[in-house]
Amino acid sequence: MNPLPAQPKLSRKFRLQFEPAQEGWVLLYPEGMVQLNPSAAEILKRCDGSHNIDAIVAELETAFNTQGIGPDVRNLLEEGQRRGWIE
Amino acid sequence: MAGSSELLSAAPIPAGPPLWLLAELTYQCPLHCVFCYNPTRHAQVTDELTTAQWVDVMTQARQLGAAQLGFSGGEPLQRDDLEELVQEAHSLGYYTNLITSGVGLTPARAQRLKDAGLDHVQLSFQDSTRELNDFLSHTRTFDLKQRVAKLIKAHDWPMVMNCVLHRHNLPHVRKIIDMAVALEAEYLELANTQYYGWAWVNRDHLMPTREELAVAEAEVNAFRAEQDAKTEGHKCRVLFVVPDYFEERPKACMNGWGAVFLSIAPDGLAMPCHNARDLPGLQLPNVKDVPLADIWQRSNAFNTYRGDAWMKPTCRSCEDRHKDFGGCRCQAFLLTGDPAETDPVCSKSAHHEKVVAVVKNASKNRHIPIVFRSDAESRALHEPPRSAPAAVAAPQGGAFTASGGRAP
């Protein structure tokens, strides 16, 4: 397993999109779709290649008035890396 | 349930959105593949939807929640309005997939499709060798497909390479994988033949033995292990579509009838599965006559096998009924004559021994002549001889008999 990138970026092979009919965010890719839970969506929205992981965590903790979510964010990013969502 | 003569149901079963729209733009195809899943009566389907009608269908389906859109056929590049349809689909917010043989994808059209916003191309190959590719498709298309694959990558599209597997090309599976890697496909779909349409006609000719399949699957797994160990460089994900005659449990066909998948045929027939045209007892609605929301939510055709109330006791009492949905209705019909039966792939089916026998006899039936898909063969299978009276016209279901008999 490669280490997580310093500034994770959504792979150009995936498209992150809000779907009103599903009331949620999805990742679209060739002939497939991943239905994201709200936290996964909030993390992936911030994977724009300019935020480092600590900045993503800090932004989410501020936005959702919470703390200590660093391990959860890293777990999701590792899952996303394994599945090719982020590079 | 309301009478089947009614188009719309008085008591429809609640359904989520149709997430997948398959637009079969045309049944016309320059290839003649022996395993094509299109209906063998394709030559009778001539009244294709217009550009405006397709735009209307795409708009309605998007409003219902469809997010994935496949442009398929036949060969969708046979339609010269493909670029316009892709552009409309893109602006509606679809993820657009072109599912093609490659024939007709010229550099100029590729550029126009890129400009229109096409997201992905699935390119079919029939084999890793020119000889077998060109034999199975009855066309000289191997070199063209190689050029088209390079064109797809030059336009920076992700590429799914699709290869239908059967006894002729299973021994080449590693070479097929190597070709996909060399052409930089992101995904390789090794689709063991599903026996519908032309593949049903050619089933006994195409059926591999259990040993041939096991050798190929071991090669696929060896490649996957190599890929997992790789830390850099191009990676190709291999999907191995299960050869369901060899299984003990049926596939979750379409993820359930009328659950997520909506297929529109070239003539506008709306179907919960692209092979539903030949199922008896279904009054398939047409998008020319009925709003898509009514078709999806209220039509009897989409409600007939939705949920589990329609199931026979074998399925209804099964703990896996919400996992595999009783398997495939088309396969149940082809093998038992009753589309509401348990898919005979399932070992719990009273008809399972038919599937077992087909696999067991796989090496014995190879002398059976192969039938190439063509308009002439389509007419031969489904239209009465000119000298015969109309009364002996092919019955509903055409060459397919209730006993699972073969086409002539």
# chains A, B, ... in the order shown; residues from 1 in each chain; ligands from 1
$ residues_around --residues "segment 96-111 of chain B" --least-positions-apart "5" --cutoff "8 Å" --atoms "only C-alpha atoms" --output "JSON, numbers by chain"
{"A": [30, 31], "B": [30, 31, 68, 69, 70, 71, 72, 73, 75, 76, 77, 78, 83, 86, 89, 90, 117, 118, 119, 120, 121, 122, 123, 124, 125, 141, 144, 145, 148, 151, 152, 155]}
$ residues_around --residues "Leu4 of chain A" --least-positions-apart "5" --cutoff "12 Å" --atoms "only C-alpha atoms" --output "ChimeraX atom specification"
/A:9,47,52-53,73-82,84,86-87
$ write_last_selection --atoms "N, CA and C atoms" --output "short mmCIF file (atom, residue, chain, number, x, y, z; two decimals), in the first residue's frame"
data_model
loop_
_atom_site.label_atom_id
_atom_site.label_comp_id
_atom_site.auth_asym_id
_atom_site.auth_seq_id
_atom_site.Cartn_x
_atom_site.Cartn_y
_atom_site.Cartn_z
N LYS A 9 -6.16 14.21 -4.22
CA LYS A 9 -6.91 14.80 -5.33
C LYS A 9 -7.82 13.71 -5.89
N CYS A 47 -11.00 17.03 -1.59
CA CYS A 47 -9.80 16.45 -2.21
C CYS A 47 -9.58 17.11 -3.57
N ASN A 52 -3.88 19.97 2.14
CA ASN A 52 -3.26 18.77 2.69
C ASN A 52 -4.22 18.13 3.69
N ILE A 53 -3.88 16.91 4.14
CA ILE A 53 -4.84 16.14 4.93
C ILE A 53 -5.20 16.86 6.23
N VAL A 73 -11.04 10.39 8.83
CA VAL A 73 -10.73 10.96 7.51
C VAL A 73 -9.65 10.14 6.82
N ARG A 74 -8.60 9.79 7.59
CA ARG A 74 -7.52 9.00 6.99
C ARG A 74 -8.02 7.62 6.53
N ASN A 75 -8.90 7.00 7.33
CA ASN A 75 -9.46 5.70 6.93
C ASN A 75 -10.20 5.81 5.61
N LEU A 76 -11.00 6.85 5.48
CA LEU A 76 -11.77 7.02 4.24
C LEU A 76 -10.83 7.26 3.06
N LEU A 77 -9.79 8.08 3.31
CA LEU A 77 -8.86 8.37 2.22
C LEU A 77 -8.10 7.11 1.80
N GLU A 78 -7.77 6.27 2.79
CA GLU A 78 -7.08 5.02 2.45
C GLU A 78 -8.00 4.10 1.64
N GLU A 79 -9.25 4.05 2.05
CA GLU A 79 -10.24 3.27 1.29
C GLU A 79 -10.37 3.83 -0.13
N GLY A 80 -10.42 5.16 -0.22
CA GLY A 80 -10.53 5.80 -1.54
C GLY A 80 -9.31 5.56 -2.40
N GLN A 81 -8.15 5.52 -1.77
CA GLN A 81 -6.93 5.25 -2.52
C GLN A 81 -6.92 3.82 -3.04
N ARG A 82 -7.35 2.90 -2.14
CA ARG A 82 -7.40 1.49 -2.54
C ARG A 82 -8.36 1.30 -3.72
N GLY A 84 -9.09 3.56 -5.92
CA GLY A 84 -8.70 4.37 -7.08
C GLY A 84 -9.42 5.71 -7.18
N ILE A 86 -8.89 8.43 -5.30
CA ILE A 86 -8.01 9.59 -5.14
C ILE A 86 -6.60 9.23 -5.57
N GLU A 87 -5.86 10.24 -5.95
CA GLU A 87 -4.48 10.01 -6.39
C GLU A 87 -3.59 11.08 -5.80
#
$ interface_residues --of "chain B" --to "chain A" --cutoff "10 Å" --atoms "only C-alpha atoms" --output "ChimeraX atom specification"
/B:16-20,62-70,93-99,119-122,156-160,186-187,228-232
$ select_by_dssp --residues "segment 36-78 of chain A" --states "helix (DSSP H, G or I)" --output "count of residues only"
28
$ select_by_dssp --residues "chain A" --states "strand (DSSP E)" --output "VMD selection string"
chain A and resid 15 to 19 24 to 29 32 to 35
$ closest_residue --among "A:Pro8, A:Glu23, A:Leu16, A:Asn37" --to "Ala55 of chain A" --atoms "only C-alpha atoms"
A:Pro8
$ atom_distance --atom1 "atom CA of Thr209 of chain B" --atom2 "atom CA of Glu189 of chain B"
20.6 Å
$ residues_around --residues "segment 56-69 of chain A" --least-positions-apart "5" --cutoff "8 Å" --atoms "only C-alpha atoms" --output "ChimeraX atom specification"
/A:42-43,46-47,51
$ closest_residue --among "B:Gln297, B:Thr46, B:Asn133, B:Gln283" --to "Leu25 of chain B" --atoms "only C-alpha atoms"
B:Thr46
$ residues_around --residues "His42 of chain B" --least-positions-apart "6" --cutoff "8 Å" --atoms "only C-alpha atoms" --output "ChimeraX atom specification"
/B:27,375,378
$ closest_residue --among "B:Leu113, B:Val220, B:Leu239, B:Cys33" --to "Lys175 of chain B" --atoms "only C-alpha atoms"
B:Val220
$ closest_residue --among "B:Asp267, B:Gly74, B:Ile176, B:Arg167" --to "Leu49 of chain B" --atoms "only C-alpha atoms"
B:Asp267
$ closest_residue --among "B:Ser363, B:Val181, B:Leu282, B:Val371" --to "Arg210 of chain B" --atoms "only C-alpha atoms"
B:Ser363
$ residues_around --residues "segment 311-326 of chain B" --least-positions-apart "4" --cutoff "12 Å" --atoms "only C-alpha atoms" --output "PyMOL selection string"
chain B and resi 248-259+304-307+330-332+338-351
$ atom_distance --atom1 "atom CA of Asn162 of chain B" --atom2 "atom CA of Leu190 of chain B"
6.2 Å
$ residues_around --residues "Leu269 of chain B" --least-positions-apart "3" --cutoff "7 Å" --atoms "only C-alpha atoms" --output "PyMOL selection string"
chain B and resi 264-265+284-287
$ residues_around --residues "Tyr37 of chain B" --least-positions-apart "2" --cutoff "12 Å" --atoms "only C-alpha atoms" --output "number ranges by chain"
B: 27, 32-35, 39-42, 72-74, 164, 191, 193-203, 273-278, 330, 373
$ atom_distance --atom1 "atom CA of Asp244 of chain B" --atom2 "atom CA of Cys163 of chain B"
16.5 Å
$ decode --residues "segment 60-81 of chain A" --atoms "C-alpha atoms" --output "JSON list (two decimals), in the first residue's frame"
[["chain", "number", "residue", "atom", "x", "y", "z"],
["A", 60, "LEU", "CA", -14.31, 19.62, 8.49],
["A", 61, "GLU", "CA", -13.96, 20.01, 12.27],
["A", 62, "THR", "CA", -14.77, 23.70, 11.93],
["A", 63, "ALA", "CA", -17.59, 23.23, 9.45],
["A", 64, "PHE", "CA", -19.32, 20.53, 11.47],
["A", 65, "ASN", "CA", -18.35, 21.78, 14.92],
["A", 66, "THR", "CA", -16.62, 18.57, 15.94],
["A", 67, "GLN", "CA", -13.14, 17.29, 16.74],
["A", 68, "GLY", "CA", -10.97, 14.19, 16.71],
["A", 69, "ILE", "CA", -12.07, 13.03, 13.24],
["A", 70, "GLY", "CA", -8.50, 12.75, 11.87],
["A", 71, "PRO", "CA", -8.41, 8.92, 12.03],
["A", 72, "ASP", "CA", -11.83, 8.63, 10.31],
["A", 73, "VAL", "CA", -10.73, 10.96, 7.51],
["A", 74, "ARG", "CA", -7.52, 9.00, 6.99],
["A", 75, "ASN", "CA", -9.46, 5.70, 6.93],
["A", 76, "LEU", "CA", -11.77, 7.02, 4.24],
["A", 77, "LEU", "CA", -8.86, 8.37, 2.22],
["A", 78, "GLU", "CA", -7.08, 5.02, 2.45],
["A", 79, "GLU", "CA", -10.24, 3.27, 1.29],
["A", 80, "GLY", "CA", -10.53, 5.80, -1.54],
["A", 81, "GLN", "CA", -6.93, 5.25, -2.52]]
